[in-house]
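One file, data23.txt, is given below (compact mmCIF, C-alpha atoms).
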```
# COMPACT_ATOMS: atom_id res chain seq x y z
CA VAL A 725 57.00 63.05 -52.87
CA PHE A 726 56.69 61.61 -49.39
CA CYS A 727 53.83 59.32 -50.42
CA ARG A 728 55.81 58.18 -53.45
CA CYS A 729 58.79 57.33 -51.20
CA LEU A 730 56.52 55.26 -48.98
CA SER A 731 55.18 53.43 -52.01
CA VAL A 732 58.70 52.66 -53.24
CA MET A 733 59.73 51.44 -49.78
CA GLU A 734 56.72 49.11 -49.57
CA SER A 735 57.60 47.57 -52.94
CA HIS A 736 61.23 47.00 -51.91
CA ILE A 737 60.79 45.28 -48.55
CA GLY A 738 63.26 42.40 -48.32
CA PRO A 739 65.78 40.71 -46.02
CA SER A 740 68.20 43.65 -46.20
CA THR A 741 65.60 46.41 -45.72
CA VAL A 742 62.74 45.13 -43.57
CA SER A 743 64.30 46.02 -40.19
CA ARG A 744 65.30 49.55 -41.26
CA PHE A 745 61.97 50.24 -42.92
CA HIS A 746 60.10 49.03 -39.83
CA SER A 747 62.21 51.30 -37.64
CA LEU A 748 61.50 54.31 -39.86
CA ALA A 749 57.80 53.50 -40.00
CA SER A 750 57.68 53.36 -36.20
CA LYS A 751 59.59 56.63 -35.88
CA TYR A 752 57.32 58.56 -38.24
CA ARG A 753 54.15 56.62 -37.33
CA GLU A 754 53.46 55.38 -40.85
CA ALA A 755 50.95 52.61 -40.16
CA THR A 756 50.76 51.36 -43.75
CA LEU A 757 54.51 50.78 -44.07
CA LEU A 758 54.63 49.35 -40.55
CA GLN A 759 51.96 46.78 -41.37
CA ALA A 760 53.65 45.93 -44.67
CA CYS A 761 56.94 45.16 -42.88
CA GLU A 762 55.23 43.03 -40.23
CA ARG A 763 53.25 41.18 -42.90
CA TRP A 764 56.46 40.49 -44.83
CA LEU A 765 58.03 39.04 -41.69
CA GLU A 766 55.04 36.78 -41.10
CA LEU A 767 55.48 35.33 -44.58
CA HIS A 768 59.26 35.34 -45.06
CA LEU A 769 60.93 35.17 -41.63
CA VAL A 770 61.83 31.51 -42.10
CA SER A 771 61.99 31.21 -45.88
CA GLU A 772 64.22 34.25 -46.57
CA LEU A 773 65.45 36.11 -43.49
CA GLN A 774 66.56 32.99 -41.57
CA SER A 775 69.58 32.47 -43.84
CA HIS A 776 70.51 36.16 -44.12
CA VAL A 777 73.04 37.92 -41.88
CA ARG A 778 70.66 40.89 -41.68
CA LEU A 779 68.58 38.74 -39.34
CA ARG A 780 70.68 40.30 -36.56
CA GLU A 781 69.07 43.71 -37.22
CA LEU A 782 65.62 42.44 -36.27
CA PRO A 783 64.64 43.89 -32.85
CA ARG A 784 63.79 41.35 -30.17
CA GLU A 785 60.34 42.84 -29.61
CA LEU A 786 59.51 42.59 -33.32
CA LEU A 787 60.77 39.01 -33.52
CA HIS A 788 58.68 38.11 -30.48
CA LYS A 789 55.58 39.67 -32.06
CA THR A 790 56.18 37.79 -35.30
CA LEU A 791 56.59 34.46 -33.53
CA ARG A 792 53.27 35.01 -31.76
CA SER A 793 51.41 35.85 -34.95
CA PRO A 794 48.73 33.32 -36.00
CA ARG A 795 49.60 34.03 -39.66
CA LEU A 796 53.28 33.13 -39.31
CA PHE A 797 54.36 30.82 -42.14
CA THR A 798 56.86 28.03 -41.50
CA PRO A 799 57.55 24.68 -43.19
CA ASN A 800 57.64 23.05 -39.74
CA GLU A 801 58.24 23.84 -36.08
CA TYR A 802 61.92 22.88 -36.23
CA GLN A 803 62.63 25.64 -38.76
CA LEU A 804 61.28 28.22 -36.33
CA PHE A 805 63.59 26.86 -33.63
CA ARG A 806 66.54 27.23 -36.01
CA THR A 807 65.51 30.79 -36.84
CA VAL A 808 65.48 31.83 -33.18
CA LEU A 809 68.77 30.01 -32.58
CA TYR A 810 70.40 31.84 -35.52
CA TRP A 811 69.09 35.19 -34.28
CA VAL A 812 70.52 34.58 -30.79
CA PHE A 813 73.87 33.58 -32.33
CA LEU A 814 73.99 36.83 -34.32
CA GLN A 815 73.21 38.87 -31.20
CA LEU A 816 76.12 37.24 -29.38
CA ASN A 817 78.43 37.64 -32.40
CA PRO A 818 77.60 41.09 -33.85
CA THR A 819 80.76 41.33 -35.98
CA VAL A 820 80.48 38.18 -38.11
CA PRO A 821 80.24 39.31 -41.77
CA VAL A 822 78.19 36.34 -42.99
CA LEU A 823 75.94 33.80 -41.35
CA PRO A 824 77.99 30.64 -40.64
CA SER A 825 76.84 27.14 -41.50
CA HIS A 826 74.33 25.36 -39.30
CA SER A 827 76.99 23.02 -37.89
CA SER A 828 79.21 25.99 -36.97
CA ILE A 829 76.37 27.63 -35.05
CA LEU A 830 75.71 24.38 -33.18
CA THR A 831 79.41 24.12 -32.35
CA PHE A 832 79.34 27.65 -30.91
CA PHE A 833 76.56 26.81 -28.45
CA ILE A 834 78.12 23.48 -27.54
CA SER A 835 81.45 25.20 -26.79
CA LEU A 836 79.96 27.75 -24.37
CA PRO A 837 81.19 27.44 -20.73
CA ARG A 838 79.26 24.69 -18.96
CA THR A 839 78.05 26.65 -15.95
CA GLY A 840 74.46 25.62 -16.65
CA VAL A 841 72.07 25.63 -19.56
CA PHE A 842 72.27 28.70 -21.78
CA LEU A 843 68.87 30.19 -20.92
CA ALA A 844 69.59 29.85 -17.19
CA GLN A 845 72.76 31.95 -17.44
CA ASP A 846 72.85 35.74 -17.22
CA LEU A 847 73.86 35.84 -20.88
CA GLY A 848 70.83 33.93 -22.08
CA GLN A 849 67.99 34.83 -19.71
CA LYS A 850 66.89 37.78 -21.85
CA PHE A 851 66.18 35.38 -24.75
CA THR A 852 63.88 33.08 -22.77
CA SER A 853 60.65 34.69 -23.99
CA LEU A 854 61.55 33.94 -27.62
CA PHE A 855 61.98 30.22 -27.02
CA GLN A 856 58.73 30.17 -25.04
CA CYS A 857 56.90 31.22 -28.23
CA LEU A 858 57.99 28.01 -29.99
CA ARG A 859 55.85 24.87 -30.19
CA LEU A 860 58.65 22.48 -29.41
CA HIS A 861 56.27 19.53 -29.08
CA GLY A 862 55.87 19.74 -32.87
CA ILE A 863 59.52 18.69 -33.33
CA THR A 864 59.39 14.90 -33.58
CA GLU A 865 62.37 13.89 -35.73
CA ARG A 866 65.01 12.00 -33.70
CA ALA A 867 67.96 13.91 -35.18
CA HIS A 868 66.36 17.26 -34.36
CA LEU A 869 65.59 16.24 -30.78
CA GLU A 870 69.15 15.02 -30.26
CA GLU A 871 70.43 18.32 -31.61
CA ILE A 872 68.29 20.32 -29.16
CA GLN A 873 69.53 18.19 -26.31
CA GLN A 874 73.16 18.45 -27.39
CA ILE A 875 73.44 22.24 -27.61
CA ASP A 876 72.17 22.58 -24.01
CA VAL A 877 70.17 25.76 -24.59
CA LEU A 878 66.82 24.84 -23.04
CA PRO A 879 66.30 24.25 -19.30
CA GLN A 880 66.03 20.64 -18.15
CA SER A 881 62.40 21.22 -17.16
CA SER A 882 61.52 22.19 -20.77
CA LEU A 883 63.32 19.15 -22.17
CA LEU A 884 61.58 16.88 -19.65
CA LEU A 885 58.19 18.28 -20.65
CA LEU A 886 59.03 17.88 -24.34
CA PHE A 887 60.12 14.24 -24.06
CA SER A 888 57.23 13.44 -21.71
CA ARG A 889 54.76 14.65 -24.33
CA HIS A 890 56.39 12.51 -26.98
CA TYR A 891 56.37 9.50 -24.66
CA TYR A 892 52.69 10.04 -23.94
CA ALA A 893 51.90 10.37 -27.65
CA LEU A 894 53.80 7.19 -28.57
CA HIS A 895 52.05 5.15 -25.89
CA SER A 896 48.64 6.61 -26.72
CA GLY A 897 48.62 5.75 -30.40
CA GLY A 898 49.60 9.24 -31.48
CA ASP A 899 47.18 11.24 -29.32
CA MET A 900 48.29 14.80 -28.59
CA PRO A 901 47.44 16.24 -25.15
CA LEU A 902 46.55 19.76 -26.30
CA THR A 903 44.26 22.22 -24.54
CA ASP A 904 44.45 25.25 -26.88
CA PHE A 905 44.35 24.43 -30.59
CA SER A 906 45.18 27.95 -31.77
CA GLN A 907 48.40 28.06 -29.71
CA GLN A 908 49.47 24.39 -29.60
CA ALA A 909 48.51 22.77 -32.92
CA VAL A 910 51.51 21.60 -34.96
CA ARG A 911 52.13 23.68 -38.09
CA PHE A 912 53.27 22.52 -41.53
CA GLY A 913 53.64 24.67 -44.63
CA LEU A 914 54.90 24.79 -48.19
CA THR A 915 55.16 27.25 -51.06
CA ILE A 916 52.78 26.56 -53.94
CA GLU A 917 54.04 27.67 -57.33
CA ARG A 918 51.65 27.94 -60.26
CA ALA A 919 53.88 25.68 -62.33
CA LEU A 920 54.02 22.87 -59.77
CA ASP A 921 52.32 19.53 -60.23
CA PRO A 922 48.91 20.03 -58.56
CA GLN A 923 48.92 16.40 -57.37
CA ARG A 924 52.20 16.72 -55.46
CA LEU A 925 51.90 15.35 -51.93
CA GLN A 926 53.51 16.44 -48.68
CA CYS A 927 53.71 13.87 -45.91
CA VAL A 928 53.13 15.09 -42.38
CA SER A 929 55.47 13.54 -39.84
CA LEU A 930 52.94 12.96 -37.07
CA PHE A 931 53.18 9.19 -36.74
CA ARG A 932 52.55 8.87 -40.50
CA ALA A 933 48.82 9.15 -39.95
CA LEU A 934 48.10 11.74 -42.65
CA VAL A 935 49.29 13.20 -45.91
CA VAL A 936 48.68 16.82 -46.79
CA VAL A 937 47.69 17.69 -50.35
CA PRO A 938 48.05 21.45 -51.05
CA PRO A 939 45.45 23.25 -53.23
CA LEU A 940 44.60 20.93 -56.11
CA THR A 941 44.53 23.80 -58.58
CA PRO A 942 46.44 27.09 -58.56
CA LEU A 943 44.45 29.91 -57.03
CA SER A 944 43.00 31.96 -59.87
CA PRO A 945 39.76 33.77 -60.73
CA LEU A 946 38.47 30.63 -62.46
CA SER A 947 39.29 27.99 -59.86
CA HIS A 948 38.51 27.25 -56.24
CA GLY A 949 41.03 26.63 -53.48
CA ALA A 950 40.73 23.13 -52.05
CA SER A 951 42.97 20.86 -50.00
CA VAL A 952 42.70 17.22 -49.07
CA LEU A 953 43.81 15.40 -45.95
CA GLN A 954 44.24 11.67 -46.45
CA ARG A 955 45.25 8.95 -44.04
CA LEU A 956 48.12 6.74 -45.18
CA ARG A 957 48.64 3.04 -44.75
CA GLN A 958 51.90 1.90 -43.21
CA CYS A 959 53.28 0.72 -46.57
CA ASP A 960 51.73 3.42 -48.74
CA PRO A 961 53.78 4.15 -51.92
CA ALA A 962 53.85 7.84 -50.92
CA LEU A 963 56.15 6.92 -48.01
CA SER A 964 59.78 6.08 -48.52
CA LEU A 965 61.17 2.72 -47.36
CA ARG A 966 63.26 4.50 -44.75
CA ALA A 967 60.19 6.24 -43.36
CA CYS A 968 58.27 2.97 -43.14
CA GLU A 969 61.12 1.30 -41.26
CA SER A 970 62.12 4.03 -38.82
CA HIS A 971 58.91 5.88 -37.90
CA PRO A 972 56.14 4.73 -35.56
CA TYR A 973 52.69 4.18 -37.03
CA SER A 974 49.31 3.97 -35.33
CA LEU A 975 47.20 0.95 -36.30
CA ARG A 976 44.00 2.26 -34.75
CA ALA A 977 41.07 1.88 -37.12
CA GLU A 978 39.63 5.34 -36.46
CA ARG A 979 41.46 8.62 -35.99
CA GLY A 980 40.01 11.93 -34.91
CA VAL A 981 41.79 14.97 -36.36
CA ARG A 982 41.30 18.63 -35.56
CA TYR A 983 42.91 20.78 -38.24
CA GLN A 984 42.91 24.10 -40.01
CA ILE A 985 44.13 24.76 -43.56
CA SER A 986 45.13 28.25 -44.64
CA VAL A 987 46.41 29.65 -47.92
CA GLN A 988 48.06 33.07 -48.22
CA GLY A 989 48.29 34.63 -51.67
CA GLN A 990 48.30 38.00 -53.39
CA VAL A 991 45.07 39.65 -54.45
CA GLY A 992 45.42 42.98 -56.23
CA GLY A 993 49.00 43.36 -55.03
CA GLN A 994 48.04 42.71 -51.39
CA TRP A 995 48.65 39.51 -49.42
CA ARG A 996 45.41 37.95 -48.19
CA GLU A 997 44.64 34.89 -46.12
CA PHE A 998 42.11 32.21 -46.98
CA CYS A 999 41.26 29.68 -44.32
CA THR A 1000 38.96 26.78 -43.50
CA GLY A 1001 38.82 27.65 -39.81
CA PRO A 1002 39.27 24.88 -37.19
CA LEU A 1003 37.60 21.64 -38.31
CA SER A 1004 37.21 18.23 -36.67
CA LYS A 1005 37.02 15.16 -38.90
CA GLU A 1006 37.30 11.39 -38.59
CA PHE A 1007 39.66 9.31 -40.72
CA GLY A 1008 39.51 5.54 -40.76
CA VAL A 1009 38.61 2.44 -42.68
CA THR A 1010 35.37 3.87 -44.07
CA GLN A 1011 36.49 7.43 -44.81
CA ARG A 1012 40.20 7.82 -45.55
CA SER A 1013 40.21 11.37 -46.86
CA CYS A 1014 38.46 14.70 -46.44
CA LYS A 1015 38.29 17.65 -48.81
CA SER A 1016 38.20 21.12 -47.28
CA GLN A 1017 37.60 24.42 -49.04
CA VAL A 1018 39.07 27.73 -47.99
CA ARG A 1019 37.65 31.23 -48.08
CA PRO A 1020 38.76 34.74 -47.05
CA HIS A 1021 39.69 35.02 -43.39
CA THR A 1022 38.66 38.39 -41.94
CA GLU A 1023 39.70 40.18 -38.77
CA ARG A 1024 36.12 39.82 -37.48
CA GLU A 1025 36.31 36.05 -37.83
CA ARG A 1026 39.70 35.94 -36.10
CA GLU A 1027 38.12 37.71 -33.13
CA ARG A 1028 35.22 35.26 -33.24
CA GLU A 1029 37.61 32.30 -33.16
CA ARG A 1030 39.58 33.75 -30.25
CA GLU A 1031 36.28 34.02 -28.36
CA GLY A 1032 35.53 30.36 -29.10
CA GLY A 1033 32.76 30.94 -31.65
CA GLY A 1034 34.53 29.33 -34.63
CA ARG A 1035 33.80 29.99 -38.30
CA GLU A 1036 30.24 30.58 -39.41
CA THR A 1037 30.35 28.61 -42.71
CA ASP A 1038 32.73 27.09 -45.23
CA ALA A 1039 32.61 28.43 -48.79
CA GLN A 1040 34.60 28.34 -51.98
CA ILE A 1041 36.93 31.23 -52.72
CA GLN A 1042 38.36 32.84 -55.80
CA THR A 1043 41.63 34.73 -55.81
CA GLU A 1044 44.20 36.10 -58.20
CA THR A 1045 47.86 35.25 -57.52
CA GLN A 1046 49.49 37.35 -60.22
CA ARG A 1047 50.47 40.97 -59.84
CA GLU A 1048 51.72 43.78 -62.03
CA ARG A 1049 55.35 44.71 -61.34
CA ASP A 1050 57.74 46.79 -63.43
CA GLY A 1051 55.27 46.68 -66.33
CA GLN A 1052 55.39 42.85 -66.66
CA ARG A 1053 53.29 40.00 -65.33
CA ARG A 1054 55.12 37.60 -63.03
CA ARG A 1055 54.16 34.46 -61.19
CA VAL A 1056 53.62 34.88 -57.47
CA PRO A 1057 53.71 31.82 -55.19
CA SER A 1058 51.04 31.12 -52.61
CA LEU A 1059 51.88 29.86 -49.15
CA GLY A 1060 49.88 26.92 -47.89
CA GLY A 1061 49.83 25.77 -44.29
CA CYS A 1062 48.11 23.21 -42.11
CA SER A 1063 47.77 23.16 -38.32
CA LEU A 1064 46.54 19.92 -36.78
CA SER A 1065 46.27 17.71 -33.71
CA LEU A 1066 45.43 14.01 -33.43
CA ARG A 1067 43.20 12.05 -31.07
CA SER A 1068 41.86 8.50 -30.85
CA LEU A 1069 38.31 7.39 -31.50
CA PRO A 1070 36.56 4.22 -30.32
CA SER A 1071 36.89 1.47 -32.92
CA ARG A 1072 33.71 0.65 -34.80
CA ALA A 1073 32.28 -2.82 -34.51
CA GLY A 1074 33.89 -5.15 -37.01
CA ALA A 1075 36.45 -2.58 -38.14
CA GLU A 1076 39.98 -3.85 -38.67
CA PRO A 1077 43.13 -1.77 -38.20
CA ASP A 1078 44.55 -0.49 -41.45
```
Would it be possible to restate this file's structure as structure tokens?
Amino acid sequence: VFCRCLSVMESHIGPSTVSRFHSLASKYREATLLQACERWLELHLVSELQSHVRLRELPRELLHKTLRSPRLFTPNEYQLFRTVLYWVFLQLNPTVPVLPSHSSILTFFISLPRTGVFLAQDLGQKFTSLFQCLRLHGITERAHLEEIQQIDVLPQSSLLLLFSRHYYALHSGGDMPLTDFSQQAVRFGLTIERALDPQRLQCVSLFRALVVVPPLTPLSPLSHGASVLQRLRQCDPALSLRACESHPYSLRAERGVRYQISVQGQVGGQWREFCTGPLSKEFGVTQRSCKSQVRPHTEREREREREGGGRETDAQIQTETQRERDGQRRRVPSLGGCSLSLRSLPSRAGAEPD
């Protein structure tokens, strides 16, 4: 009976249950349920729990661990900042019955007594470690940066470092001064439904240098997972007129890109990760795109990467993204993500900027 209860709990992990189930798993030392809850948080912290009032039940230590996870899925770095901001709001307002609108939460932080920035006050110092887990340099949209500055949560030293990095990047043609790719690369992600158009594009907002194409075909036993990175021209049809007018664009003929593409999907009812591993490619006038294939990412390889050894090889993968539930087959989305950094390369002789 006990094993059956654990099985039922694992199949019903969601925004309203994940915190309680994790607490029970910790209390009774049930490693399988504990790992299932933590895995769910890695995949759904931003997409589902962010907008749920039950976010307040998430312990700070568990949130910190999730933010530090290399498998954490997020559409962009700004969404992670919002998630942490919402969690802090709920800790300071434990009686609110529903999560207020985004503008109301911003108004709350703006209206706090101006005795210093929030994280420098006694009330906010205990939340500092959570904001230190965020890759704020990956937030590049003007409206988002103005919002961060307006709510006065981060110390002035953090804001100065953030704007200094952006200034350096703008005056260096988009180069990113990163020293640790695994901890500093900018993350982008999207959910890949089986019914979606396989040619749908997602533009990456790093100086409009690249466009990310998620897996060209749905992950299935008869197809291989593959993604394409392609450099865009300034007036490419994939970019909106507003984007062309208001965003900076590097005209350097050659661009060096270090990136990693990962896809997380269900195989036999279990979530698995498929990854290219860190790759370095050149994009320019002669080669505008690069196709990368993903394969299963094992714990042994993660340890190898942390030690600086990198992936051994790249190979094609096969995976099944449908599962049996309640006696019926249902479509299960995959989560695709891309981490990348940009650098300049010497222009080739005779090459013209694109």
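With distances taken over all atoms listed in the file, A:Leu730 is the one residue among A:His776, A:Glu871, A:Leu730, A:Ser735 lying closest to Tyr752 of chain A.
For the set A:Leu796, A:Leu836, A:Leu809, A:Val981, the residue with the smallest atom-to-atom gap to Glu1006 of chain A is A:Val981, counting all atoms listed in the file.
One distance worth recording is that between atom CA of Phe905 of chain A and atom CA of Leu791 of chain A, which is 16.1 Å.
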query = Within 9 Å of segment 759-774 of chain A, counting all atoms listed in the file, which residues qualify if same-chain residues fewer than 5 places away don't, as a ChimeraX atom specification?
reply = /A:734,737-740,742-743,745-746,749,754,779,786-787,789-791,793-799,803-804,806-808,810-811,988,995,1059
query = Smallest atom-to-atom distance to Leu830 of chain A: which of A:Phe842, A:Gln874, A:Leu847, A:Leu757, using all atoms listed in the file?
reply = A:Gln874
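Remark: for Phe832 of chain A, the closest of the candidate residues A:Asp876, A:Arg866, A:Leu858, A:Phe851 is A:Asp876 (distances computed over all atoms listed in the file).
Take atom CA of Gln907 of chain A and atom CA of Val877 of chain A: the distance between them is 22.5 Å.
Residues in contact with Val820 of chain A at 12 Å, where all atoms listed in the file are counted and same-chain residues fewer than 3 positions away are skipped, are listed as A:His776, A:Val777, A:Arg778, A:Leu779, A:Arg780, A:Phe813, A:Leu814, A:Gln815, A:Leu816, A:Asn817, A:Leu823, A:Pro824, A:Ile829.
Atom CA of Lys850 of chain A is found 19.1 Å from atom CA of Ile834 of chain A.
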Box dimensions and centre (Å, one decimal) enclosing segment 754-770 of chain A, axis-aligned, 8 Å extra per side, as JSON:
```
{"center_x": 56.3, "center_y": 43.4, "center_z": -42.6, "size_x": 27.1, "size_y": 39.9, "size_z": 20.9}
```
task = Counting all atoms listed in the file, figure out which residue out of A:His826, A:Arg982, A:Arg838, A:Arg955 gets nearest to Thr903 of chain A.
result = A:Arg982
